[in-house]
>>> print(open('target.cif').read())   # mmCIF, C-alpha atoms and all ligand atoms
data_target
#
loop_
_atom_site.group_PDB
_atom_site.id
_atom_site.type_symbol
_atom_site.label_atom_id
_atom_site.label_comp_id
_atom_site.auth_asym_id
_atom_site.auth_seq_id
_atom_site.Cartn_x
_atom_site.Cartn_y
_atom_site.Cartn_z
ATOM 1 C CA GLY V 249 140.904 -137.244 -1.357
ATOM 2 C CA THR V 250 138.823 -135.879 1.507
ATOM 3 C CA ARG V 251 141.490 -136.740 4.062
ATOM 4 C CA PHE V 252 144.123 -134.940 1.973
ATOM 5 C CA LEU V 253 141.860 -131.873 1.772
ATOM 6 C CA GLU V 254 141.451 -131.921 5.552
ATOM 7 C CA ILE V 255 145.238 -131.801 5.982
ATOM 8 C CA VAL V 256 145.565 -128.942 3.478
ATOM 9 C CA GLN V 257 142.767 -127.073 5.256
ATOM 10 C CA SER V 258 144.467 -127.400 8.644
ATOM 11 C CA GLN V 259 147.872 -126.297 7.300
ATOM 12 C CA PHE V 260 146.836 -123.681 4.699
ATOM 13 C CA PRO V 261 143.267 -122.576 5.374
ATOM 14 C CA GLY V 262 143.432 -119.863 2.669
ATOM 15 C CA VAL V 263 144.194 -122.236 -0.205
ATOM 16 C CA ILE V 264 141.391 -122.795 -2.719
ATOM 17 C CA LYS V 265 140.246 -126.414 -2.821
ATOM 18 C CA ILE V 266 138.473 -128.128 -5.666
ATOM 19 C CA LEU V 267 137.549 -131.794 -5.447
ATOM 20 C CA ILE V 268 137.108 -133.617 -8.724
ATOM 21 C CA SER V 269 135.538 -137.010 -8.289
ATOM 22 C CA ASP V 270 134.902 -139.768 -10.792
ATOM 23 C CA ARG V 271 132.372 -141.409 -8.475
ATOM 24 C CA PRO V 272 129.996 -138.636 -7.497
ATOM 25 C CA ASN V 273 129.018 -139.084 -3.857
ATOM 26 C CA LEU V 274 126.767 -136.556 -2.123
ATOM 27 C CA GLU V 275 127.820 -137.575 1.366
ATOM 28 C CA GLU V 276 131.493 -137.175 0.497
ATOM 29 C CA ALA V 277 130.796 -133.732 -0.968
ATOM 30 C CA VAL V 278 128.863 -132.525 2.091
ATOM 31 C CA TYR V 279 131.560 -133.833 4.411
ATOM 32 C CA ALA V 280 134.305 -132.068 2.428
ATOM 33 C CA PHE V 281 132.364 -128.787 2.347
ATOM 34 C CA ASN V 282 131.802 -128.896 6.116
ATOM 35 C CA ASN V 283 135.126 -130.239 7.336
ATOM 36 C CA ALA V 284 137.801 -129.539 4.740
ATOM 37 C CA GLY V 285 136.867 -126.041 3.579
ATOM 38 C CA LEU V 286 136.036 -127.339 0.104
ATOM 39 C CA ASP V 287 135.252 -124.571 -2.389
ATOM 40 C CA ARG V 288 133.892 -126.619 -5.343
ATOM 41 C CA TYR V 289 132.913 -130.228 -5.916
ATOM 42 C CA ILE V 290 133.086 -131.271 -9.521
ATOM 43 C CA ALA V 291 131.868 -134.615 -10.667
ATOM 44 C CA LYS V 292 133.031 -136.328 -13.825
ATOM 45 C CA PRO V 293 132.672 -135.838 -16.712
ATOM 46 C CA TRP V 294 133.993 -132.295 -16.684
ATOM 47 C CA GLU V 295 134.683 -129.802 -19.448
ATOM 48 C CA VAL V 296 138.082 -128.081 -19.568
ATOM 49 C CA GLU V 297 136.398 -124.715 -20.183
ATOM 50 C CA ASP V 298 134.136 -125.188 -17.178
ATOM 51 C CA LEU V 299 137.083 -126.077 -15.016
ATOM 52 C CA LYS V 300 139.027 -123.038 -16.225
ATOM 53 C CA PHE V 301 136.071 -120.826 -15.501
ATOM 54 C CA THR V 302 135.660 -122.294 -12.003
ATOM 55 C CA VAL V 303 139.341 -121.844 -11.170
ATOM 56 C CA THR V 304 139.373 -118.262 -12.467
ATOM 57 C CA SER V 305 136.313 -117.247 -10.530
ATOM 58 C CA LEU V 306 137.552 -118.914 -7.325
ATOM 59 C CA LEU V 307 140.904 -117.121 -7.710
ATOM 60 C CA ARG V 308 139.074 -113.833 -8.153
ATOM 61 C CA GLN V 309 136.975 -114.507 -5.041
ATOM 62 C CA ALA V 310 140.094 -115.347 -3.038
ATOM 63 C CA ALA V 311 141.802 -112.168 -4.195
ATOM 64 C CA MET V 312 138.721 -110.174 -3.207
ATOM 65 C CA ARG V 313 138.640 -111.868 0.189
ATOM 66 C CA ARG V 314 142.281 -110.935 0.797
ATOM 67 C CA THR V 315 141.608 -107.331 -0.222
ATOM 68 C CA ASN V 316 138.626 -107.206 2.125
ATOM 69 C CA GLU V 317 140.696 -108.568 4.968
ATOM 70 C CA ARG V 318 143.369 -105.976 4.330
ATOM 71 C CA LEU V 319 140.768 -103.230 4.209
ATOM 72 C CA LEU V 320 139.210 -104.447 7.446
ATOM 73 C CA VAL V 321 142.571 -104.403 9.233
ATOM 74 C CA ASP V 322 143.213 -100.948 7.837
ATOM 75 C CA LEU V 323 139.776 -99.784 8.927
ATOM 76 C CA GLN V 324 140.285 -101.119 12.427
ATOM 77 C CA LYS V 325 143.636 -99.365 12.638
ATOM 78 C CA ARG V 326 142.133 -96.080 11.482
ATOM 79 C CA ASN V 327 139.281 -96.525 13.936
ATOM 80 C CA THR V 328 141.728 -96.908 16.800
ATOM 81 C CA GLU V 329 143.642 -93.842 15.637
ATOM 82 C CA LEU V 330 140.430 -91.864 15.379
ATOM 83 C CA ARG V 331 139.325 -92.899 18.854
ATOM 84 C CA GLU V 332 142.709 -91.861 20.227
ATOM 85 C CA ALA V 333 142.521 -88.492 18.447
ATOM 86 C CA LEU V 334 139.012 -87.972 19.790
ATOM 87 C CA ARG V 335 140.167 -88.726 23.320
ATOM 88 C CA GLU V 336 143.025 -86.232 22.968
ATOM 89 C CA LEU V 337 140.632 -83.635 21.598
ATOM 90 C CA LYS V 338 138.287 -84.177 24.534
ATOM 91 C CA GLU V 339 141.169 -83.804 26.964
ATOM 92 C CA ALA V 340 142.333 -80.612 25.283
ATOM 93 C CA LYS V 341 138.788 -79.247 25.364
ATOM 94 C CA GLN V 342 138.490 -80.110 29.046
ATOM 95 C CA GLU V 343 141.797 -78.344 29.672
ATOM 96 C CA VAL V 344 140.626 -75.202 27.888
ATOM 97 C CA GLU V 345 137.363 -75.354 29.796
ATOM 98 C CA ASN V 346 139.184 -75.807 33.126
ATOM 99 C CA SER V 347 141.470 -72.877 32.517
ATOM 100 C CA TYR V 348 138.503 -70.727 31.478
ATOM 101 C CA LEU V 349 136.703 -71.817 34.622
ATOM 102 C CA SER V 350 139.628 -70.848 36.831
ATOM 103 C CA ALA V 351 139.824 -67.518 35.006
ATOM 104 C CA ILE V 352 136.156 -66.932 35.871
ATOM 105 C CA GLN V 353 136.842 -67.853 39.490
ATOM 106 C CA SER V 354 139.690 -65.329 39.551
ATOM 107 C CA LEU V 355 137.295 -62.745 38.128
ATOM 108 C CA ALA V 356 134.858 -63.495 40.939
ATOM 109 C CA VAL V 357 137.621 -62.954 43.494
ATOM 110 C CA ALA V 358 138.702 -59.768 41.706
ATOM 111 C CA LEU V 359 135.117 -58.515 41.798
ATOM 112 C CA GLU V 360 134.967 -59.014 45.560
ATOM 113 C CA ALA V 361 138.261 -57.154 45.954
ATOM 114 C CA LYS V 362 136.977 -54.188 43.941
ATOM 115 C CA ASP V 363 134.750 -53.018 46.730
ATOM 116 C CA ARG V 364 135.482 -53.621 50.371
ATOM 117 C CA TYR V 365 131.892 -52.908 51.414
ATOM 118 C CA THR V 366 130.453 -55.719 49.362
ATOM 119 C CA ALA V 367 133.301 -58.115 50.189
ATOM 120 C CA GLY V 368 131.879 -61.488 51.079
ATOM 121 C CA HIS V 369 128.571 -60.645 49.352
ATOM 122 C CA SER V 370 128.887 -63.387 46.729
ATOM 123 C CA GLN V 371 129.818 -65.969 49.374
ATOM 124 C CA ARG V 372 126.808 -65.007 51.473
ATOM 125 C CA VAL V 373 124.445 -65.045 48.485
ATOM 126 C CA SER V 374 125.849 -68.461 47.635
ATOM 127 C CA ARG V 375 125.159 -69.720 51.181
ATOM 128 C CA PHE V 376 121.634 -68.238 51.309
ATOM 129 C CA ALA V 377 120.790 -69.596 47.848
ATOM 130 C CA MET V 378 121.796 -73.099 48.962
ATOM 131 C CA MET V 379 119.669 -72.725 52.103
ATOM 132 C CA ILE V 380 116.632 -71.774 49.987
ATOM 133 C CA ALA V 381 117.303 -74.616 47.523
ATOM 134 C CA ARG V 382 117.474 -77.100 50.395
ATOM 135 C CA GLY V 383 114.304 -75.598 51.887
ATOM 136 C CA LEU V 384 112.581 -76.239 48.540
ATOM 137 C CA ASN V 385 113.838 -79.841 48.649
ATOM 138 C CA LEU V 386 115.774 -79.505 45.396
ATOM 139 C CA PRO V 387 118.151 -82.391 44.569
ATOM 140 C CA GLY V 388 121.737 -82.145 45.841
ATOM 141 C CA ALA V 389 123.205 -81.366 42.409
ATOM 142 C CA GLU V 390 120.868 -78.384 41.992
ATOM 143 C CA VAL V 391 121.704 -77.148 45.493
ATOM 144 C CA ARG V 392 125.405 -77.231 44.586
ATOM 145 C CA THR V 393 124.756 -75.468 41.267
ATOM 146 C CA LEU V 394 122.902 -72.729 43.148
ATOM 147 C CA GLY V 395 125.907 -72.312 45.415
ATOM 148 C CA GLN V 396 128.069 -71.728 42.334
ATOM 149 C CA ILE V 397 125.526 -69.382 40.749
ATOM 150 C CA GLY V 398 125.558 -67.383 43.986
ATOM 151 C CA LEU V 399 129.330 -66.992 43.745
ATOM 152 C CA LEU V 400 129.136 -65.876 40.120
ATOM 153 C CA HIS V 401 125.842 -63.965 39.969
ATOM 154 C CA ASP V 402 127.378 -60.473 39.748
ATOM 155 C CA ILE V 403 130.395 -61.460 37.632
ATOM 156 C CA GLY V 404 129.101 -59.148 34.873
ATOM 157 C CA LYS V 405 129.971 -56.149 37.081
ATOM 158 C CA ILE V 406 133.674 -56.858 36.633
ATOM 159 C CA GLY V 407 134.248 -54.268 33.921
ATOM 160 C CA MET V 408 131.961 -51.617 35.393
ATOM 161 C CA ASP V 409 132.932 -48.324 36.961
ATOM 162 C CA GLU V 410 133.448 -48.793 40.713
ATOM 163 C CA GLN V 411 132.316 -45.226 41.408
ATOM 164 C CA VAL V 412 128.961 -46.021 39.869
ATOM 165 C CA LEU V 413 128.639 -49.486 41.418
ATOM 166 C CA ASN V 414 129.284 -48.122 44.914
ATOM 167 C CA LYS V 415 127.496 -44.818 44.553
ATOM 168 C CA PRO V 416 125.529 -44.234 47.755
ATOM 169 C CA GLY V 417 122.840 -41.998 46.265
ATOM 170 C CA LYS V 418 120.425 -42.478 43.432
ATOM 171 C CA LEU V 419 121.949 -43.422 40.078
ATOM 172 C CA SER V 420 121.386 -41.233 37.032
ATOM 173 C CA ARG V 421 119.397 -42.772 34.189
ATOM 174 C CA GLU V 422 122.563 -43.477 32.179
ATOM 175 C CA GLU V 423 124.296 -44.987 35.187
ATOM 176 C CA PHE V 424 121.328 -47.232 35.938
ATOM 177 C CA GLU V 425 121.146 -48.333 32.297
ATOM 178 C CA MET V 426 124.802 -49.347 32.522
ATOM 179 C CA VAL V 427 124.395 -51.248 35.808
ATOM 180 C CA LYS V 428 121.385 -53.050 34.333
ATOM 181 C CA GLN V 429 123.692 -54.669 31.791
ATOM 182 C CA HIS V 430 125.542 -56.766 34.372
ATOM 183 C CA PRO V 431 123.299 -59.884 34.312
ATOM 184 C CA VAL V 432 123.577 -60.091 30.504
ATOM 185 C CA ILE V 433 127.332 -59.488 30.540
ATOM 186 C CA GLY V 434 127.650 -62.164 33.250
ATOM 187 C CA ALA V 435 125.743 -64.644 31.072
ATOM 188 C CA GLN V 436 128.029 -63.789 28.128
ATOM 189 C CA ILE V 437 131.148 -64.388 30.240
ATOM 190 C CA LEU V 438 129.938 -67.873 31.220
ATOM 191 C CA ALA V 439 128.565 -68.835 27.803
ATOM 192 C CA PRO V 440 131.769 -70.512 26.469
ATOM 193 C CA VAL V 441 131.987 -72.904 29.426
ATOM 194 C CA ARG V 442 129.936 -76.000 28.702
ATOM 195 C CA SER V 443 129.954 -77.159 32.345
ATOM 196 C CA LEU V 444 128.341 -73.843 33.354
ATOM 197 C CA GLU V 445 125.482 -74.162 30.868
ATOM 198 C CA GLY V 446 123.003 -74.741 33.692
ATOM 199 C CA HIS V 447 124.189 -71.654 35.564
ATOM 200 C CA ILE V 448 123.511 -69.075 32.891
ATOM 201 C CA SER V 449 119.759 -68.511 33.243
ATOM 202 C CA GLY V 450 120.123 -68.054 37.019
ATOM 203 C CA ILE V 451 122.691 -65.333 36.426
ATOM 204 C CA LYS V 452 120.984 -63.645 33.506
ATOM 205 C CA HIS V 453 117.653 -63.295 35.300
ATOM 206 C CA HIS V 454 118.569 -62.660 38.938
ATOM 207 C CA HIS V 455 117.166 -59.103 38.701
ATOM 208 C CA GLU V 456 113.822 -60.097 37.225
ATOM 209 C CA SER V 457 110.879 -59.285 39.453
ATOM 210 C CA TRP V 458 107.872 -61.581 40.123
ATOM 211 C CA GLU V 459 105.497 -58.881 38.814
ATOM 212 C CA GLY V 460 107.461 -58.510 35.597
ATOM 213 C CA THR V 461 109.044 -55.130 36.320
ATOM 214 C CA GLY V 462 112.635 -56.383 36.554
ATOM 215 C CA TYR V 463 115.427 -56.625 34.000
ATOM 216 C CA PRO V 464 116.844 -57.605 31.522
ATOM 217 C CA ASP V 465 113.759 -59.241 29.964
ATOM 218 C CA GLY V 466 110.877 -58.207 32.230
ATOM 219 C CA LEU V 467 110.000 -61.886 32.786
ATOM 220 C CA LYS V 468 107.016 -62.556 35.033
ATOM 221 C CA GLY V 469 106.244 -65.149 37.730
ATOM 222 C CA GLU V 470 107.163 -68.719 36.882
ATOM 223 C CA ALA V 471 108.568 -67.647 33.517
ATOM 224 C CA ILE V 472 111.577 -66.512 35.563
ATOM 225 C CA PRO V 473 113.880 -69.540 35.925
ATOM 226 C CA LEU V 474 113.740 -70.949 39.477
ATOM 227 C CA PRO V 475 117.498 -70.514 40.136
ATOM 228 C CA ALA V 476 117.124 -66.813 39.272
ATOM 229 C CA ARG V 477 114.134 -66.447 41.653
ATOM 230 C CA ILE V 478 116.204 -68.059 44.411
ATOM 231 C CA ILE V 479 119.262 -65.866 43.793
ATOM 232 C CA CYS V 480 117.008 -62.791 43.749
ATOM 233 C CA VAL V 481 115.736 -63.537 47.291
ATOM 234 C CA ALA V 482 119.234 -64.437 48.573
ATOM 235 C CA ASP V 483 120.760 -61.325 46.966
ATOM 236 C CA SER V 484 118.089 -58.971 48.333
ATOM 237 C CA PHE V 485 118.293 -60.469 51.829
ATOM 238 C CA ASP V 486 122.043 -59.886 51.912
ATOM 239 C CA ALA V 487 121.624 -56.320 50.638
ATOM 240 C CA MET V 488 119.004 -55.647 53.352
ATOM 241 C CA THR V 489 121.057 -57.039 56.216
ATOM 242 C CA SER V 490 124.484 -55.669 55.191
ATOM 243 C CA THR V 491 125.764 -52.407 56.573
ATOM 244 C CA ARG V 492 126.968 -49.988 53.913
ATOM 245 C CA PRO V 493 128.731 -46.671 54.375
ATOM 246 C CA TYR V 494 125.429 -44.876 53.857
ATOM 247 C CA ARG V 495 123.139 -47.081 55.949
ATOM 248 C CA ILE V 496 123.042 -49.611 58.737
ATOM 249 C CA GLY V 497 121.926 -53.119 57.833
ATOM 250 C CA ARG V 498 118.528 -54.317 59.019
ATOM 251 C CA THR V 499 118.132 -57.082 61.565
ATOM 252 C CA VAL V 500 117.107 -60.546 60.355
ATOM 253 C CA GLU V 501 113.602 -59.980 61.791
ATOM 254 C CA GLU V 502 113.239 -56.694 59.895
ATOM 255 C CA ALA V 503 114.501 -58.304 56.707
ATOM 256 C CA ILE V 504 111.987 -61.144 57.110
ATOM 257 C CA LEU V 505 109.147 -58.625 57.382
ATOM 258 C CA GLU V 506 110.422 -56.781 54.316
ATOM 259 C CA MET V 507 110.759 -59.978 52.265
ATOM 260 C CA ARG V 508 107.204 -61.008 53.185
ATOM 261 C CA ARG V 509 105.976 -57.542 52.205
ATOM 262 C CA CYS V 510 107.652 -57.883 48.797
ATOM 263 C CA ALA V 511 106.589 -61.504 48.165
ATOM 264 C CA MET V 512 104.371 -61.790 45.072
ATOM 265 C CA MET V 513 105.536 -58.324 43.968
ATOM 266 C CA GLN V 514 109.279 -58.756 43.723
ATOM 267 C CA PHE V 515 109.817 -62.324 44.941
ATOM 268 C CA ASP V 516 108.469 -65.831 44.489
ATOM 269 C CA SER V 517 106.718 -66.282 47.840
ATOM 270 C CA ARG V 518 107.536 -70.004 47.827
ATOM 271 C CA CYS V 519 111.259 -69.135 47.889
ATOM 272 C CA VAL V 520 110.700 -66.470 50.538
ATOM 273 C CA GLU V 521 108.793 -68.831 52.855
ATOM 274 C CA ALA V 522 111.327 -71.650 52.397
ATOM 275 C CA PHE V 523 114.083 -69.203 53.302
ATOM 276 C CA ILE V 524 112.268 -67.738 56.317
ATOM 277 C CA THR V 525 111.577 -71.206 57.748
ATOM 278 C CA ILE V 526 115.295 -72.015 57.652
ATOM 279 C CA LEU V 527 116.372 -68.567 58.898
ATOM 280 C CA GLN V 528 114.048 -68.800 61.897
ATOM 281 C CA ARG V 529 115.286 -72.297 62.685
ATOM 282 C CA GLU V 530 118.886 -71.006 62.562
ATOM 283 C CA VAL V 531 118.114 -67.993 64.742
ATOM 284 C CA LYS V 532 116.466 -70.283 67.300
ATOM 285 C CA ALA V 533 119.409 -72.722 67.267
ATOM 286 C CA GLU V 534 121.828 -69.832 67.723
ATOM 287 C CA ALA V 535 119.839 -68.469 70.683
ATOM 288 C CA LEU V 536 119.862 -71.912 72.317
ATOM 289 C CA SER V 537 123.615 -72.259 71.901
ATOM 290 C CA GLN V 538 124.339 -68.865 73.578
ATOM 291 C CA PRO V 539 125.668 -69.369 77.099
ATOM 292 C CA ARG V 540 123.189 -68.026 79.636
ATOM 293 C CA ALA V 541 124.196 -65.543 82.319
ATOM 294 C CA ALA V 542 124.616 -67.229 85.647
ATOM 295 C CA THR V 543 121.825 -66.480 88.019
ATOM 296 C CA GLY V 544 122.365 -66.432 91.669
HETATM 297 FE FE FE M 1 123.202 -58.379 40.560
#
>>> encode(input="target.cif", output="structure tokens", more="lines below")
Ligand SMILES: [Fe+2]
Amino acid sequence: GTRFLEIVQSQFPGVIKILISDRPNLEEAVYAFNNAGLDRYIAKPWEVEDLKFTVTSLLRQAAMRRTNERLLVDLQKRNTELREALRELKEAKQEVENSYLSAIQSLAVALEAKDRYTAGHSQRVSRFAMMIARGLNLPGAEVRTLGQIGLLHDIGKIGMDEQVLNKPGKLSREEFEMVKQHPVIGAQILAPVRSLEGHISGIKHHHESWEGTGYPDGLKGEAIPLPARIICVADSFDAMTSTRPYRIGRTVEEAILEMRRCAMMQFDSRCVEAFITILQREVKAEALSQPRAATG
């Protein structure tokens, strides 16, 4: 009997197997359970009703097992489909994000083109901000982020009146109120791009002042996010050293004096000193690389 069950088990593992024995033998039963996939061992004498009940319940169990297996296969299939759909969704999201990102980059270029006097300003702020970040020993990823923030810091000016933005004289109160909106508008433009999440506070607060007299939120000291403090120094340095139609840019030495004078009022002096150290090193390196006049 056991041998026969073993053969059935190897050929049709799903078939229900009941062993009815007239010489009850525990060893035989254990062997059949372990090696022949036996479902029930019934020793004589047996009742017809009992046997019927056993067969019915085993059939029900087998049916349930088959249903479960079907459900499991179905579940696995749905899982695979879901994973695939999720991957497609992620790709689509990335695509939307990429196209939004390139739109923002075009805006940055358009902003530069709006005003020939400030052309190159964002690039320079980006370079100075990275110099300061390196001087503060920030990790590489943060240095790169600061470079991007520098490029985008004034993006909120894109919709503003050029006449006002480039006005040489003092702005009226209304005009100044309008210009003051640009950090907030910039933050709103970047808000939908998840990969620019870390850039927003640096843009929104780049006109805050260390003493708390800046805008838009009048944040004070270390409450101003570090990227914003860095951009503020880089931005001001470029404004000081650039020549505009209404004034000649200061020399690096003059700008250094001015930044030191404004440290702890307008700027984080840690950022200022980190920047000055690097600027002075660059000025020295440049002087050394200049060819000297021949003496004779
Ligand atoms: Fe700005």
>>> residues_near_point(input="target.cif", point="(129.9, -57.9, 34.7)", cutoff="6 Å", atoms="all atoms listed in the file", output="count of residues only")
8
>>> resolve_selection(input="target.cif", expression="the PyMOL selection byres (((not hetatm)) within 9 of (chain M and resi 1))", output="PyMOL selection string")
chain V and resi 401-405+427-428+430-431+451+454-455+480+483
>>> write_last_selection(input="target.cif", atoms="C-alpha atoms", output="PDB file, in the frame of the given file")
ATOM      1  CA  HIS V 401     125.842 -63.965  39.969  1.00  0.00           C
ATOM      2  CA  ASP V 402     127.378 -60.473  39.748  1.00  0.00           C
ATOM      3  CA  ILE V 403     130.395 -61.460  37.632  1.00  0.00           C
ATOM      4  CA  GLY V 404     129.101 -59.148  34.873  1.00  0.00           C
ATOM      5  CA  LYS V 405     129.971 -56.149  37.081  1.00  0.00           C
ATOM      6  CA  VAL V 427     124.395 -51.248  35.808  1.00  0.00           C
ATOM      7  CA  LYS V 428     121.385 -53.050  34.333  1.00  0.00           C
ATOM      8  CA  HIS V 430     125.542 -56.766  34.372  1.00  0.00           C
ATOM      9  CA  PRO V 431     123.299 -59.884  34.312  1.00  0.00           C
ATOM     10  CA  ILE V 451     122.691 -65.333  36.426  1.00  0.00           C
ATOM     11  CA  HIS V 454     118.569 -62.660  38.938  1.00  0.00           C
ATOM     12  CA  HIS V 455     117.166 -59.103  38.701  1.00  0.00           C
ATOM     13  CA  CYS V 480     117.008 -62.791  43.749  1.00  0.00           C
ATOM     14  CA  ASP V 483     120.760 -61.325  46.966  1.00  0.00           C
TER      15      ASP V 483
END
>>> atom_distance(input="target.cif", atom1="atom CA of V:Ala435", atom2="atom CA of V:Lys452")
5.4 Å
>>> closest_atom_pairs(input="target.cif", of="stretch 375-459 of chain V", to="stretch 470-475 of chain V", cutoff="10 Å", atoms="all atoms listed in the file", output="Markdown table")
| residue | atom | partner | partner_atom | distance |
| --- | --- | --- | --- | --- |
| V:Ala377 | CA | V:Pro475 | CA | 8.4 |
| V:Ile380 | CA | V:Pro475 | CA | 10.0 |
| V:Ala381 | CA | V:Pro475 | CA | 8.5 |
| V:Glu390 | CA | V:Pro475 | CA | 8.8 |
| V:Val391 | CA | V:Pro475 | CA | 9.5 |
| V:Thr393 | CA | V:Pro475 | CA | 8.9 |
| V:Leu394 | CA | V:Pro475 | CA | 6.6 |
| V:Ile397 | CA | V:Pro475 | CA | 8.1 |
| V:Gly398 | CA | V:Pro475 | CA | 9.5 |
| V:Gly446 | CA | V:Pro475 | CA | 9.5 |
| V:His447 | CA | V:Pro475 | CA | 8.2 |
| V:Ile448 | CA | V:Pro475 | CA | 9.5 |
| V:Ser449 | CA | V:Pro473 | CA | 6.5 |
| V:Gly450 | CA | V:Pro475 | CA | 4.8 |
| V:Ile451 | CA | V:Pro475 | CA | 8.2 |
| V:Lys452 | CA | V:Pro473 | CA | 9.5 |
| V:His453 | CA | V:Ile472 | CA | 6.9 |
| V:His454 | CA | V:Pro475 | CA | 8.0 |
| V:His455 | CA | V:Ile472 | CA | 9.8 |
| V:Glu456 | CA | V:Ile472 | CA | 7.0 |
| V:Ser457 | CA | V:Ile472 | CA | 8.2 |
| V:Trp458 | CA | V:Ile472 | CA | 7.7 |
>>> residues_around(input="target.cif", residues="V:Ala351", least_positions_apart="3", cutoff="12 Å", atoms="only C-alpha atoms", output="PyMOL selection string")
chain V and resi 344-348+354-358+400+403+437-438+441
>>> residues_around(input="target.cif", residues="V:Arg392", least_positions_apart="4", cutoff="8 Å", atoms="all atoms listed in the file", output="PyMOL selection string")
chain V and resi 378+388+396
>>> write_last_selection(input="target.cif", atoms="C-alpha atoms", output="JSON list (two decimals), in the frame of the given file")
[["chain", "number", "residue", "atom", "x", "y", "z"],
["V", 378, "MET", "CA", 121.80, -73.10, 48.96],
["V", 388, "GLY", "CA", 121.74, -82.14, 45.84],
["V", 396, "GLN", "CA", 128.07, -71.73, 42.33]]
>>> resolve_selection(input="target.cif", expression="the PyMOL selection byres (((chain V and resi 285) around 9) and not hetatm)", output="ChimeraX atom specification")
/V:253-254,257,261,264-265,280-284,286-287
>>> resolve_selection(input="target.cif", expression="the PyMOL selection byres (((chain V and resi 368) around 12) and not hetatm)", output="PyMOL selection string")
chain V and resi 356-367+369-375+398-399+483+486-487+490
>>> residues_around(input="target.cif", residues="V:Leu299", least_positions_apart="4", cutoff="10 Å", atoms="all atoms listed in the file", output="list in words")
Ile266, Ile268, Ile290, Trp294, Glu295, Val303, Thr304 and Ser305 of chain V
>>> write_last_selection(input="target.cif", atoms="C-alpha atoms", output="compact mmCIF listing (two decimals), in the frame of the given file")
# COMPACT_ATOMS: atom_id res chain seq x y z
CA ILE V 266 138.47 -128.13 -5.67
CA ILE V 268 137.11 -133.62 -8.72
CA ILE V 290 133.09 -131.27 -9.52
CA TRP V 294 133.99 -132.29 -16.68
CA GLU V 295 134.68 -129.80 -19.45
CA VAL V 303 139.34 -121.84 -11.17
CA THR V 304 139.37 -118.26 -12.47
CA SER V 305 136.31 -117.25 -10.53
>>> residues_around(input="target.cif", residues="V:Phe424", least_positions_apart="6", cutoff="12 Å", atoms="all atoms listed in the file", output="JSON, numbers by chain")
{"V": [408, 409, 412, 413, 415, 417, 418, 430, 463]}
>>> atom_distance(input="target.cif", atom1="atom CA of V:Ile496", atom2="atom CA of V:Ala511")
22.9 Å
>>> closest_residue(input="target.cif", among="V:Gly383, V:Tyr494, V:Gln353, V:Arg308", to="V:Arg529", atoms="only C-alpha atoms")
V:Gly383
>>> atom_distance(input="target.cif", atom1="atom CA of V:Gln411", atom2="atom CA of V:Val481")
25.4 Å
>>> closest_residue(input="target.cif", among="V:Glu506, V:Glu275, V:Asp298, V:Glu317", to="V:Gly262", atoms="only C-alpha atoms")
V:Glu317
>>> closest_residue(input="target.cif", among="V:Met512, V:Val520, V:Ala482, V:Leu320", to="V:Glu459", atoms="all atoms listed in the file")
V:Met512
>>> axis_aligned_box(input="target.cif", around="stretch 251-257 of chain V", padding_each_side="8 Å", output="JSON")
{"center_x": 143.5, "center_y": -131.9, "center_z": 3.9, "size_x": 20.1, "size_y": 25.7, "size_z": 20.2}
>>> closest_residue(input="target.cif", among="V:Ile255, V:Leu384, V:Arg313, V:Ala291", to="V:Leu267", atoms="only C-alpha atoms")
V:Ala291
>>> closest_residue(input="target.cif", among="V:Val500, V:Ile479, V:Leu527, V:Leu307", to="V:Phe515", atoms="all atoms listed in the file")
V:Ile479
>>> closest_residue(input="target.cif", among="V:Asn273, V:Ser484, V:Thr491, V:Gln429", to="V:Met507", atoms="only C-alpha atoms")
V:Ser484
>>> decode(input="target.cif", residues="stretch 492-498 of chain V", atoms="N, CA, C and O atoms", output="CSV table (one decimal), in the first residue's frame")
chain,number,residue,atom,x,y,z
V,492,ARG,N,28.2,99.5,-13.7
V,492,ARG,CA,26.8,99.7,-14.2
V,492,ARG,C,26.8,101.0,-14.9
V,492,ARG,O,27.8,101.8,-14.8
V,493,PRO,N,25.8,101.3,-15.7
V,493,PRO,CA,25.8,102.6,-16.5
V,493,PRO,C,26.0,103.8,-15.6
V,493,PRO,O,26.5,104.8,-16.0
V,494,TYR,N,25.5,103.7,-14.3
V,494,TYR,CA,25.5,104.8,-13.4
V,494,TYR,C,26.7,104.8,-12.4
V,494,TYR,O,26.8,105.7,-11.6
V,495,ARG,N,27.5,103.8,-12.4
V,495,ARG,CA,28.6,103.8,-11.5
V,495,ARG,C,29.7,102.8,-12.0
V,495,ARG,O,29.4,101.8,-12.6
V,496,ILE,N,30.9,103.1,-11.5
V,496,ILE,CA,32.0,102.2,-11.9
V,496,ILE,C,32.2,101.2,-10.7
V,496,ILE,O,32.0,101.6,-9.6
V,497,GLY,N,32.4,99.9,-11.1
V,497,GLY,CA,32.5,98.9,-10.1
V,497,GLY,C,33.8,99.1,-9.2
V,497,GLY,O,34.8,99.7,-9.6
V,498,ARG,N,33.6,98.7,-7.9
V,498,ARG,CA,34.8,98.8,-7.0
V,498,ARG,C,35.8,97.8,-7.3
V,498,ARG,O,35.5,96.7,-8.0
